[in-house]
>>> print(open('work.tsv').read())   # TSV, C-alpha atoms
chain	number	residue	atom	x	y	z
A	1	MET	CA	9.18	-13.82	30.79
A	2	ASP	CA	7.46	-13.41	27.39
A	3	LYS	CA	4.76	-16.06	27.68
A	4	TYR	CA	3.19	-15.20	24.31
A	5	ALA	CA	6.42	-15.07	22.28
A	6	ASP	CA	5.37	-18.03	20.12
A	7	ILE	CA	2.10	-16.49	18.88
A	8	ARG	CA	2.14	-12.70	19.35
A	9	PRO	CA	2.94	-10.02	16.74
A	10	TYR	CA	6.40	-8.50	16.72
A	11	ASN	CA	7.24	-5.70	19.13
A	12	ASP	CA	9.04	-2.51	18.10
A	13	GLU	CA	12.44	-3.87	19.11
A	14	GLU	CA	11.98	-6.82	16.74
A	15	VAL	CA	11.04	-4.82	13.64
A	16	ALA	CA	14.51	-4.08	12.28
A	17	ALA	CA	15.64	-7.71	12.53
A	18	ALA	CA	12.45	-8.99	10.89
A	19	LEU	CA	12.85	-6.55	8.00
A	20	SER	CA	16.47	-7.66	7.56
A	21	ARG	CA	15.30	-11.27	7.30
A	22	LEU	CA	12.74	-10.26	4.70
A	23	LEU	CA	15.28	-8.42	2.60
A	24	ALA	CA	17.59	-11.44	2.72
A	25	ASP	CA	14.82	-13.83	1.61
A	26	ASN	CA	15.11	-14.45	-2.15
A	27	SER	CA	11.59	-15.89	-2.32
A	28	PHE	CA	10.15	-12.66	-0.95
A	29	ILE	CA	12.27	-10.53	-3.26
A	30	ASP	CA	11.14	-12.63	-6.25
A	31	VAL	CA	7.46	-12.11	-5.33
A	32	ILE	CA	8.00	-8.35	-5.14
A	33	THR	CA	9.84	-8.45	-8.47
A	34	THR	CA	7.10	-10.45	-10.19
A	35	HIS	CA	4.28	-8.17	-9.04
A	36	THR	CA	5.89	-4.73	-9.21
A	37	LEU	CA	8.31	-4.63	-12.14
A	38	PRO	CA	7.25	-4.59	-15.83
A	39	THR	CA	6.46	-8.07	-17.18
A	40	TRP	CA	9.44	-8.18	-19.51
A	41	LEU	CA	11.77	-7.35	-16.62
A	42	SER	CA	10.13	-9.49	-13.94
A	43	ARG	CA	10.93	-12.62	-15.96
A	44	TRP	CA	14.53	-12.06	-14.96
A	45	SER	CA	13.76	-12.05	-11.25
A	46	ALA	CA	17.11	-13.48	-10.12
A	47	LEU	CA	19.00	-10.76	-11.98
A	48	CYS	CA	16.69	-8.07	-10.60
A	49	ARG	CA	17.12	-9.08	-6.95
A	50	PRO	CA	19.94	-6.60	-6.16
A	51	LEU	CA	17.92	-3.72	-7.64
A	52	VAL	CA	14.70	-4.60	-5.78
A	53	ARG	CA	16.57	-5.31	-2.55
A	54	SER	CA	18.34	-1.96	-2.77
A	55	GLN	CA	15.08	-0.08	-3.36
A	56	LEU	CA	13.37	-1.77	-0.41
A	57	ARG	CA	16.36	-1.14	1.83
A	58	ARG	CA	16.17	2.57	1.01
A	59	LYS	CA	12.46	2.64	1.87
A	60	TRP	CA	12.48	0.40	4.93
A	61	GLY	CA	16.03	0.69	6.22
A	62	ASP	CA	15.16	3.18	8.95
A	63	PHE	CA	12.01	1.43	10.17
A	64	ASN	CA	12.20	0.39	13.82
A	65	THR	CA	8.58	0.55	15.02
A	66	VAL	CA	5.38	-1.32	14.22
A	67	LYS	CA	3.67	2.03	13.59
A	68	GLN	CA	6.15	2.81	10.78
A	69	VAL	CA	5.40	-0.59	9.23
A	70	GLN	CA	1.65	0.00	9.48
A	71	ASN	CA	1.97	3.45	7.92
A	72	GLU	CA	3.71	1.79	4.97
A	73	VAL	CA	0.99	-0.86	4.81
A	74	ALA	CA	-1.64	1.92	4.83
A	75	ARG	CA	0.06	3.53	1.84
A	76	TYR	CA	-0.10	0.31	-0.16
A	77	LEU	CA	-3.65	-0.35	1.00
A	78	GLU	CA	-4.74	3.07	-0.24
A	79	MET	CA	-3.32	2.23	-3.68
A	80	LEU	CA	-5.04	-1.16	-3.62
A	81	ILE	CA	-8.38	0.44	-2.78
A	82	HIS	CA	-7.92	2.96	-5.60
A	83	ASN	CA	-6.92	0.34	-8.16
A	84	THR	CA	-9.21	-2.61	-7.35
A	85	THR	CA	-12.42	-1.18	-5.86
A	86	SER	CA	-15.00	1.33	-7.00
A	87	LYS	CA	-15.28	2.48	-3.38
A	88	VAL	CA	-15.02	1.23	0.19
A	89	THR	CA	-17.66	2.44	2.62
A	90	TYR	CA	-18.30	1.98	6.33
A	91	SER	CA	-21.17	2.21	8.79
A	92	GLY	CA	-21.44	1.95	12.57
A	93	LEU	CA	-17.98	3.28	13.45
A	94	ASP	CA	-19.31	6.54	14.84
A	95	SER	CA	-21.16	4.69	17.60
A	96	LEU	CA	-18.00	3.00	18.93
A	97	ASP	CA	-15.81	4.47	21.66
A	98	LYS	CA	-12.41	5.43	20.23
A	99	GLU	CA	-10.78	4.86	23.61
A	100	SER	CA	-12.15	1.35	24.09
A	101	ALA	CA	-10.73	-2.01	22.97
A	102	TYR	CA	-13.15	-4.37	21.21
A	103	LEU	CA	-13.20	-7.96	20.06
A	104	PHE	CA	-14.35	-7.66	16.45
A	105	ILE	CA	-15.85	-10.90	15.13
A	106	SER	CA	-16.64	-10.77	11.42
A	107	ASN	CA	-17.78	-12.92	8.56
A	108	HIS	CA	-14.87	-14.10	6.43
A	109	ARG	CA	-14.61	-13.80	2.65
A	110	ASP	CA	-10.94	-13.01	2.00
A	111	ILE	CA	-7.79	-14.12	3.83
A	112	VAL	CA	-6.05	-10.74	3.96
A	113	LEU	CA	-8.54	-8.12	2.78
A	114	ASP	CA	-11.22	-8.62	5.44
A	115	PRO	CA	-9.06	-7.42	8.37
A	116	ALA	CA	-7.03	-5.06	6.16
A	117	LEU	CA	-10.06	-3.12	4.92
A	118	MET	CA	-11.57	-3.14	8.41
A	119	ASN	CA	-8.30	-1.69	9.69
A	120	TRP	CA	-8.45	0.99	7.01
A	121	GLY	CA	-11.82	2.09	8.34
A	122	LEU	CA	-10.51	2.24	11.90
A	123	HIS	CA	-7.39	4.12	10.76
A	124	SER	CA	-9.51	6.59	8.76
A	125	HIS	CA	-11.65	7.27	11.84
A	126	ASN	CA	-8.59	7.88	14.06
A	127	MET	CA	-9.06	4.61	15.92
A	128	ASN	CA	-6.36	2.10	16.79
A	129	THR	CA	-5.88	-0.78	14.37
A	130	VAL	CA	-6.50	-4.34	15.51
A	131	ARG	CA	-4.37	-7.36	16.24
A	132	ILE	CA	-5.31	-9.94	13.60
A	133	ALA	CA	-5.87	-13.66	14.19
A	134	ILE	CA	-4.33	-15.81	11.46
A	135	GLY	CA	-4.12	-19.60	11.22
A	136	ASP	CA	-0.73	-21.25	11.24
A	137	ASN	CA	-1.73	-23.09	8.04
A	138	LEU	CA	-0.99	-19.81	6.23
A	139	LEU	CA	2.45	-19.47	7.75
A	140	GLN	CA	4.30	-22.28	6.00
A	141	VAL	CA	6.36	-19.76	4.04
A	142	PRO	CA	8.89	-17.82	6.17
A	143	TYR	CA	8.35	-14.44	4.51
A	144	ILE	CA	4.58	-14.68	5.02
A	145	THR	CA	5.18	-15.24	8.72
A	146	GLU	CA	7.44	-12.18	8.88
A	147	LEU	CA	4.98	-9.97	7.02
A	148	MET	CA	2.01	-11.03	9.12
A	149	ARG	CA	3.72	-10.65	12.49
A	150	LEU	CA	5.12	-7.26	11.46
A	151	ASN	CA	1.55	-6.16	10.70
A	152	LYS	CA	0.09	-7.00	14.14
A	153	SER	CA	-1.00	-10.55	13.34
A	154	PHE	CA	-0.99	-13.27	15.97
A	155	ILE	CA	-0.98	-17.01	15.36
A	156	VAL	CA	-3.84	-19.46	15.83
A	157	LYS	CA	-2.25	-22.90	16.11
A	158	ARG	CA	-4.59	-25.10	14.10
A	159	SER	CA	-1.96	-27.75	13.39
A	160	ALA	CA	-2.18	-29.20	16.92
A	161	LYS	CA	-3.94	-32.57	16.71
A	162	ALA	CA	-3.58	-34.41	20.03
A	163	PRO	CA	-6.41	-33.41	22.44
A	164	LYS	CA	-4.09	-32.24	25.24
A	165	GLU	CA	-1.90	-30.31	22.82
A	166	MET	CA	-4.95	-28.71	21.22
A	167	LEU	CA	-6.45	-27.70	24.58
A	168	LYS	CA	-3.13	-26.18	25.65
A	169	ALA	CA	-2.86	-24.17	22.41
A	170	LEU	CA	-6.47	-22.95	22.62
A	171	SER	CA	-6.15	-21.99	26.29
A	172	HIS	CA	-2.97	-20.06	25.46
A	173	LEU	CA	-4.80	-18.26	22.64
A	174	SER	CA	-7.80	-17.47	24.84
A	175	SER	CA	-5.52	-15.96	27.48
A	176	TYR	CA	-3.67	-13.90	24.87
A	177	ILE	CA	-6.89	-12.46	23.46
A	178	PHE	CA	-8.13	-11.45	26.93
A	179	ASP	CA	-4.78	-9.90	27.90
A	180	SER	CA	-4.65	-7.96	24.61
A	181	LEU	CA	-8.11	-6.51	25.18
A	182	ASP	CA	-7.30	-5.79	28.82
A	183	SER	CA	-4.23	-3.81	27.73
A	184	GLY	CA	-6.28	-1.70	25.28
A	185	GLN	CA	-5.50	-3.63	22.08
A	186	SER	CA	-8.51	-4.49	19.91
A	187	ILE	CA	-8.68	-7.92	18.23
A	188	TRP	CA	-10.08	-9.20	14.92
A	189	ILE	CA	-11.03	-12.81	14.45
A	190	ALA	CA	-13.21	-14.55	11.87
A	191	GLN	CA	-16.51	-16.09	12.95
A	192	LYS	CA	-15.34	-19.56	11.88
A	193	GLU	CA	-12.27	-21.30	10.54
A	194	GLY	CA	-11.80	-20.69	6.82
A	195	ARG	CA	-13.56	-18.41	4.38
A	196	ALA	CA	-17.29	-18.74	3.69
A	197	LYS	CA	-17.04	-20.25	0.21
A	198	ASP	CA	-20.80	-20.80	-0.16
A	199	GLY	CA	-21.93	-17.36	1.00
A	200	VAL	CA	-23.21	-18.73	4.33
A	201	ASP	CA	-21.99	-16.52	7.18
A	202	GLN	CA	-22.46	-18.50	10.38
A	203	THR	CA	-20.55	-18.27	13.65
A	204	ASP	CA	-19.00	-21.49	14.92
A	205	PRO	CA	-19.80	-22.00	18.63
A	206	ALA	CA	-16.41	-23.75	18.96
A	207	LEU	CA	-14.74	-20.36	18.44
A	208	LEU	CA	-16.74	-18.93	21.34
A	209	LYS	CA	-15.91	-21.90	23.54
A	210	MET	CA	-12.23	-21.13	22.89
A	211	LEU	CA	-12.75	-17.51	23.93
A	212	GLN	CA	-14.30	-18.66	27.21
A	213	LEU	CA	-11.43	-20.97	28.22
A	214	TYR	CA	-9.70	-18.14	30.07
A	215	GLY	CA	-12.99	-17.18	31.69
A	216	ARG	CA	-13.38	-20.73	32.98
A	217	LYS	CA	-9.93	-20.48	34.48
A	218	GLN	CA	-11.13	-17.36	36.30
A	219	LYS	CA	-14.27	-19.29	37.37
A	220	LEU	CA	-16.56	-16.74	35.71
A	221	PRO	CA	-19.97	-17.63	34.25
A	222	PHE	CA	-20.05	-17.65	30.45
A	223	SER	CA	-22.41	-14.66	30.14
A	224	GLU	CA	-20.41	-12.53	32.59
A	225	TYR	CA	-17.04	-13.25	30.99
A	226	ILE	CA	-18.28	-12.68	27.44
A	227	LYS	CA	-19.53	-9.19	28.34
A	228	GLN	CA	-16.01	-8.28	29.44
A	229	LEU	CA	-14.72	-9.00	25.92
A	230	LYS	CA	-16.88	-6.26	24.33
A	231	ILE	CA	-17.71	-8.31	21.23
A	232	VAL	CA	-18.66	-6.27	18.16
A	233	PRO	CA	-20.01	-8.22	15.15
A	234	VAL	CA	-18.75	-6.94	11.80
A	235	SER	CA	-20.30	-7.65	8.40
A	236	ILE	CA	-18.10	-7.43	5.29
A	237	SER	CA	-19.67	-7.52	1.83
A	238	TYR	CA	-18.02	-7.38	-1.59
A	239	GLN	CA	-19.79	-6.48	-4.82
A	240	TYR	CA	-17.48	-8.96	-6.56
A	241	GLU	CA	-16.47	-11.82	-4.28
A	242	PRO	CA	-12.68	-12.28	-4.02
A	243	CYS	CA	-11.59	-15.64	-5.50
A	244	ALA	CA	-15.22	-16.52	-6.33
A	245	VAL	CA	-14.29	-18.95	-9.11
A	246	ALA	CA	-11.66	-20.71	-6.97
A	247	LYS	CA	-14.13	-21.03	-4.09
A	248	ALA	CA	-16.79	-22.48	-6.41
A	249	LYS	CA	-14.27	-24.89	-7.91
A	250	GLU	CA	-13.37	-26.17	-4.44
A	251	LEU	CA	-17.03	-26.65	-3.47
A	252	VAL	CA	-17.87	-28.50	-6.71
A	253	HIS	CA	-14.84	-30.74	-6.25
A	254	LYS	CA	-15.98	-31.59	-2.70
A	255	GLN	CA	-19.48	-32.40	-3.96
A	256	GLN	CA	-18.12	-34.70	-6.64
A	257	HIS	CA	-15.24	-36.33	-4.76
A	258	GLY	CA	-16.07	-35.89	-1.07
A	259	SER	CA	-12.97	-33.89	-0.17
A	260	TYR	CA	-10.57	-31.27	-1.47
A	261	VAL	CA	-6.83	-31.14	-0.82
A	262	LYS	CA	-5.15	-27.80	-1.44
A	263	ALA	CA	-2.10	-27.74	-3.67
A	264	ASP	CA	1.18	-26.36	-2.37
A	265	GLY	CA	1.11	-22.59	-2.53
A	266	GLU	CA	-2.66	-22.40	-3.08
A	267	ASP	CA	-3.25	-20.24	0.00
A	268	ILE	CA	-0.57	-17.81	-1.16
A	269	GLU	CA	-2.14	-17.64	-4.61
A	270	SER	CA	-5.54	-16.96	-2.98
A	271	ILE	CA	-4.00	-14.06	-1.07
A	272	LEU	CA	-2.51	-12.60	-4.25
A	273	GLU	CA	-5.68	-13.16	-6.28
A	274	GLY	CA	-7.79	-11.46	-3.61
A	275	ILE	CA	-5.46	-8.48	-3.61
A	276	ARG	CA	-5.26	-7.95	-7.37
A	277	SER	CA	-8.85	-8.81	-8.42
A	278	ASP	CA	-11.59	-6.25	-9.03
A	279	LYS	CA	-13.84	-6.07	-5.97
A	280	GLY	CA	-16.23	-3.30	-6.98
A	281	HIS	CA	-17.96	-1.67	-4.02
A	282	VAL	CA	-16.94	-3.03	-0.61
A	283	HIS	CA	-18.99	-2.17	2.47
A	284	ILE	CA	-18.09	-2.91	6.09
A	285	SER	CA	-20.78	-2.60	8.76
A	286	PHE	CA	-19.75	-2.38	12.42
A	287	GLY	CA	-22.42	-3.59	14.80
A	288	GLN	CA	-23.15	-2.76	18.41
A	289	PRO	CA	-21.21	-4.26	21.34
A	290	ILE	CA	-23.12	-7.31	22.54
A	291	THR	CA	-24.74	-6.68	25.91
A	292	GLU	CA	-27.48	-9.35	25.74
A	293	GLN	CA	-27.56	-12.15	28.27
A	294	CYS	CA	-25.99	-15.09	26.42
A	295	ASP	CA	-25.68	-18.11	28.68
A	296	SER	CA	-24.11	-20.47	26.14
A	297	PRO	CA	-21.83	-20.38	23.08
A	298	GLU	CA	-24.81	-21.35	20.93
A	299	MET	CA	-26.88	-18.38	22.17
A	300	LEU	CA	-23.96	-16.03	21.60
A	301	ALA	CA	-23.41	-17.43	18.09
A	302	GLU	CA	-27.05	-16.71	17.24
A	303	THR	CA	-26.72	-13.17	18.62
A	304	ILE	CA	-23.59	-12.50	16.54
A	305	ASP	CA	-25.19	-13.98	13.40
A	306	LYS	CA	-28.29	-11.83	13.85
A	307	GLN	CA	-26.17	-8.69	13.64
A	308	ILE	CA	-23.91	-9.90	10.83
A	309	ILE	CA	-26.84	-10.96	8.65
A	310	GLY	CA	-29.02	-8.00	9.61
A	311	GLN	CA	-26.40	-5.37	8.76
A	312	TYR	CA	-25.03	-7.14	5.65
A	313	PHE	CA	-24.95	-4.63	2.78
A	314	LEU	CA	-26.60	-6.12	-0.31
A	315	HIS	CA	-25.03	-5.27	-3.68
A	316	PRO	CA	-26.67	-5.50	-7.12
A	317	SER	CA	-24.77	-8.79	-7.59
A	318	ASN	CA	-26.67	-10.30	-4.62
A	319	TYR	CA	-30.08	-9.21	-5.95
A	320	ILE	CA	-29.37	-10.39	-9.51
A	321	ALA	CA	-28.07	-13.78	-8.39
A	322	ALA	CA	-31.21	-14.27	-6.27
A	323	GLY	CA	-33.46	-13.39	-9.22
A	324	ASN	CA	-34.56	-9.97	-7.88
A	325	LYS	CA	-33.59	-8.03	-10.99
A	326	HIS	CA	-36.26	-5.40	-10.40
A	327	GLU	CA	-34.08	-4.10	-7.51
A	328	VAL	CA	-31.24	-3.07	-9.83
A	329	SER	CA	-30.70	-0.92	-12.91
A	330	ASP	CA	-30.16	-2.21	-16.45
A	331	GLU	CA	-26.56	-1.03	-16.27
A	332	GLU	CA	-25.94	-2.94	-13.03
A	333	GLN	CA	-27.44	-6.06	-14.58
A	334	LEU	CA	-25.23	-5.70	-17.63
A	335	ASP	CA	-22.10	-5.24	-15.50
A	336	PHE	CA	-22.76	-8.38	-13.45
A	337	MET	CA	-23.74	-10.51	-16.44
A	338	SER	CA	-20.56	-9.41	-18.23
A	339	TRP	CA	-18.57	-10.52	-15.17
A	340	LEU	CA	-20.49	-13.81	-15.02
A	341	GLU	CA	-19.59	-14.60	-18.64
A	342	LEU	CA	-15.98	-15.06	-17.49
A	343	VAL	CA	-17.02	-17.83	-15.06
A	344	PRO	CA	-16.68	-21.39	-16.44
A	345	GLU	CA	-20.11	-22.81	-17.32
A	346	GLU	CA	-19.83	-25.73	-14.90
A	347	LEU	CA	-19.26	-23.31	-11.98
A	348	LYS	CA	-21.91	-20.68	-12.73
A	349	LYS	CA	-24.66	-22.22	-10.59
A	350	GLN	CA	-22.33	-22.47	-7.60
A	351	VAL	CA	-21.18	-18.88	-8.04
A	352	LEU	CA	-24.76	-17.59	-8.35
A	353	ASP	CA	-25.76	-19.53	-5.22
A	354	MET	CA	-22.80	-17.93	-3.40
A	355	TYR	CA	-24.01	-14.42	-4.29
A	356	ALA	CA	-27.68	-15.18	-3.63
A	357	GLU	CA	-27.15	-16.65	-0.15
A	358	PRO	CA	-26.79	-13.36	1.81
A	359	LEU	CA	-30.12	-12.09	0.45
A	360	LYS	CA	-31.86	-15.42	1.18
A	361	ARG	CA	-30.59	-15.43	4.77
A	362	LYS	CA	-31.53	-11.79	5.26
A	363	VAL	CA	-35.19	-12.29	4.30
A	364	THR	CA	-35.78	-15.58	6.16
>>> encode(input="work.tsv", output="structure tokens")
Amino acid sequence: MDKYADIRPYNDEEVAAALSRLLADNSFIDVITTHTLPTWLSRWSALCRPLVRSQLRRKWGDFNTVKQVQNEVARYLEMLIHNTTSKVTYSGLDSLDKESAYLFISNHRDIVLDPALMNWGLHSHNMNTVRIAIGDNLLQVPYITELMRLNKSFIVKRSAKAPKEMLKALSHLSSYIFDSLDSGQSIWIAQKEGRAKDGVDQTDPALLKMLQLYGRKQKLPFSEYIKQLKIVPVSISYQYEPCAVAKAKELVHKQQHGSYVKADGEDIESILEGIRSDKGHVHISFGQPITEQCDSPEMLAETIDKQIIGQYFLHPSNYIAAGNKHEVSDEEQLDFMSWLELVPEELKKQVLDMYAEPLKRKVT
């Protein structure tokens, strides 16, 4: 009996069928057409479908394992890194055991890139890639669901509202995470629901309470169970924040109107914008497995935050936004100010606050 069938990534035997569904999905083919063919040709997406479908079938037609899919993803990711970053660097990987499974808990700045670039570091260091937690709010479009589950993503059911239904979904998720780790599969999950749009990286204790649900079922103390999960905090920093203007716009709207309701397709557009935008230098710091005695979710959250903030790599953009211009060169100042000129005037303060926050939290 496959008790995790509703949330787990696809297995090898499901790959071929999932790819067939993708190739039959006109919406997916149209997205590929729009973003890969020349502009003059992509306008005729419906007419181009047979051509694009045929090309993809030639490339993917023989795929029947998750590893083959991930190798293809790695190829595209390498191109993305080359085209949209100045460099991607890593620290802390050498101190991790390549044979061990970890629960990586990171800050969250981009929907897709955070786990993707972390995976690239693991892949480059001959370590196994992770299973990725993704909210079901992002899976309203069928082809997104197929793509995510093909690429080792599992589903966090956030849409459950009734208390009993929510507890059941969270307990199921907690059990899945433990069983994945126990079988040697590392996990990535963000430190809180949603991206940090204000630059504040802070772990939500509710996430850690969810992790412990399976431990409670095993009647294990919180501190003892948490140590079994081998939690490694990860800090991701971008020189140029993905979707910075969109994040600032959402925050300003909330301040002025009290709430913000996303438009249809906004999450998909955020994914695409994060992928295609210039990110400059990206650094990912892997921390040390947590071995401290943490007797409560709140204590564990503080321990995770201490590592994430402490190992956060500060870019010139962070120093400039915080007013520490003496820490950067004239050229770096000019580059950031040129970028800032493209930000609408009414959003500049919010954007600068977003970039300044990591430095403020690091020094306090």
>>> closest_residue(input="work.tsv", among="A:Leu173, A:Leu300, A:Val31, A:Val141", to="Gln202 of chain A", atoms="only C-alpha atoms")
A:Leu300
>>> residues_near_point(input="work.tsv", point="(0.4, 0.3, 7.1)", cutoff="12 Å", atoms="all atoms listed in the file", output="list of chain:residue names")
A:Thr65, A:Val66, A:Lys67, A:Gln68, A:Val69, A:Gln70, A:Asn71, A:Glu72, A:Val73, A:Ala74, A:Arg75, A:Tyr76, A:Leu77, A:Glu78, A:Met79, A:Ala116, A:Leu117, A:Asn119, A:Trp120, A:His123, A:Ser124, A:Asn128, A:Thr129, A:Val130, A:Leu147, A:Met148, A:Leu150, A:Asn151, A:Lys152
>>> closest_residue(input="work.tsv", among="A:Pro242, A:Gly135, A:Gly310, A:Gly121", to="Arg109 of chain A", atoms="only C-alpha atoms")
A:Pro242
>>> closest_residue(input="work.tsv", among="A:Asp198, A:Glu14, A:Asp6, A:Asp25", to="Ala169 of chain A", atoms="only C-alpha atoms")
A:Asp6
>>> closest_atom_pairs(input="work.tsv", of="segment 191-298 of chain A", to="segment 321-345 of chain A", cutoff="10 Å", atoms="only C-alpha atoms", output="tab-separated table")
residue	atom	partner	partner_atom	distance
A:Gln239	CA	A:Phe336	CA	9.3
A:Tyr240	CA	A:Phe336	CA	8.7
A:Ala244	CA	A:Val343	CA	9.0
A:Val245	CA	A:Val343	CA	6.6
A:Ala248	CA	A:Val343	CA	9.8
A:Lys249	CA	A:Pro344	CA	9.5
>>> closest_atom_pairs(input="work.tsv", of="segment 288-358 of chain A", to="segment 231-234 of chain A", cutoff="9 Å", atoms="only C-alpha atoms", output="CSV")
residue,atom,partner,partner_atom,distance
A:Gln288,CA,A:Val232,CA,5.7
A:Pro289,CA,A:Val232,CA,4.5
A:Ile290,CA,A:Ile231,CA,5.7
A:Thr291,CA,A:Ile231,CA,8.6
A:Ile304,CA,A:Pro233,CA,5.8
A:Asp305,CA,A:Pro233,CA,7.9
A:Gln307,CA,A:Pro233,CA,6.4
A:Ile308,CA,A:Val234,CA,6.0
A:Gln311,CA,A:Val234,CA,8.4
A:Tyr312,CA,A:Val234,CA,8.8
>>> decode(input="work.tsv", residues="segment 250-262 of chain A", atoms="N, CA, C and O atoms", output="mmCIF file, in the first residue's frame")
data_model
loop_
_atom_site.group_PDB
_atom_site.id
_atom_site.type_symbol
_atom_site.label_atom_id
_atom_site.label_comp_id
_atom_site.auth_asym_id
_atom_site.auth_seq_id
_atom_site.Cartn_x
_atom_site.Cartn_y
_atom_site.Cartn_z
ATOM 1 N N GLU A 250 3.740 44.201 -3.002
ATOM 2 C CA GLU A 250 2.797 43.468 -2.152
ATOM 3 C C GLU A 250 2.803 44.010 -0.728
ATOM 4 O O GLU A 250 1.747 44.194 -0.109
ATOM 5 N N LEU A 251 3.995 44.293 -0.188
ATOM 6 C CA LEU A 251 4.091 44.805 1.177
ATOM 7 C C LEU A 251 3.461 46.186 1.302
ATOM 8 O O LEU A 251 2.750 46.471 2.274
ATOM 9 N N VAL A 252 3.707 47.066 0.337
ATOM 10 C CA VAL A 252 3.131 48.409 0.366
ATOM 11 C C VAL A 252 1.608 48.340 0.270
ATOM 12 O O VAL A 252 0.892 49.062 0.969
ATOM 13 N N HIS A 253 1.120 47.437 -0.574
ATOM 14 C CA HIS A 253 -0.333 47.271 -0.709
ATOM 15 C C HIS A 253 -0.945 46.811 0.618
ATOM 16 O O HIS A 253 -2.019 47.288 1.022
ATOM 17 N N LYS A 254 -0.275 45.893 1.303
ATOM 18 C CA LYS A 254 -0.765 45.422 2.612
ATOM 19 C C LYS A 254 -0.787 46.556 3.627
ATOM 20 O O LYS A 254 -1.714 46.676 4.431
ATOM 21 N N GLN A 255 0.257 47.388 3.606
ATOM 22 C CA GLN A 255 0.327 48.508 4.546
ATOM 23 C C GLN A 255 -0.802 49.500 4.300
ATOM 24 O O GLN A 255 -1.376 50.057 5.242
ATOM 25 N N GLN A 256 -1.143 49.698 3.042
ATOM 26 C CA GLN A 256 -2.146 50.698 2.695
ATOM 27 C C GLN A 256 -3.573 50.180 2.786
ATOM 28 O O GLN A 256 -4.494 50.930 3.097
ATOM 29 N N HIS A 257 -3.754 48.873 2.521
ATOM 30 C CA HIS A 257 -5.107 48.323 2.423
ATOM 31 C C HIS A 257 -5.392 47.191 3.422
ATOM 32 O O HIS A 257 -6.515 46.706 3.472
ATOM 33 N N GLY A 258 -4.375 46.757 4.147
ATOM 34 C CA GLY A 258 -4.583 45.742 5.171
ATOM 35 C C GLY A 258 -4.460 44.308 4.704
ATOM 36 O O GLY A 258 -4.318 43.397 5.514
ATOM 37 N N SER A 259 -4.537 44.078 3.413
ATOM 38 C CA SER A 259 -4.420 42.714 2.885
ATOM 39 C C SER A 259 -3.993 42.776 1.420
ATOM 40 O O SER A 259 -4.007 43.852 0.802
ATOM 41 N N TYR A 260 -3.618 41.621 0.900
ATOM 42 C CA TYR A 260 -3.220 41.530 -0.507
ATOM 43 C C TYR A 260 -3.705 40.196 -1.055
ATOM 44 O O TYR A 260 -3.415 39.139 -0.475
ATOM 45 N N VAL A 261 -4.464 40.237 -2.120
ATOM 46 C CA VAL A 261 -4.980 39.031 -2.758
ATOM 47 C C VAL A 261 -4.261 38.840 -4.088
ATOM 48 O O VAL A 261 -4.293 39.726 -4.948
ATOM 49 N N LYS A 262 -3.593 37.699 -4.234
ATOM 50 C CA LYS A 262 -2.851 37.444 -5.462
ATOM 51 C C LYS A 262 -3.789 37.239 -6.645
ATOM 52 O O LYS A 262 -4.846 36.616 -6.517
#
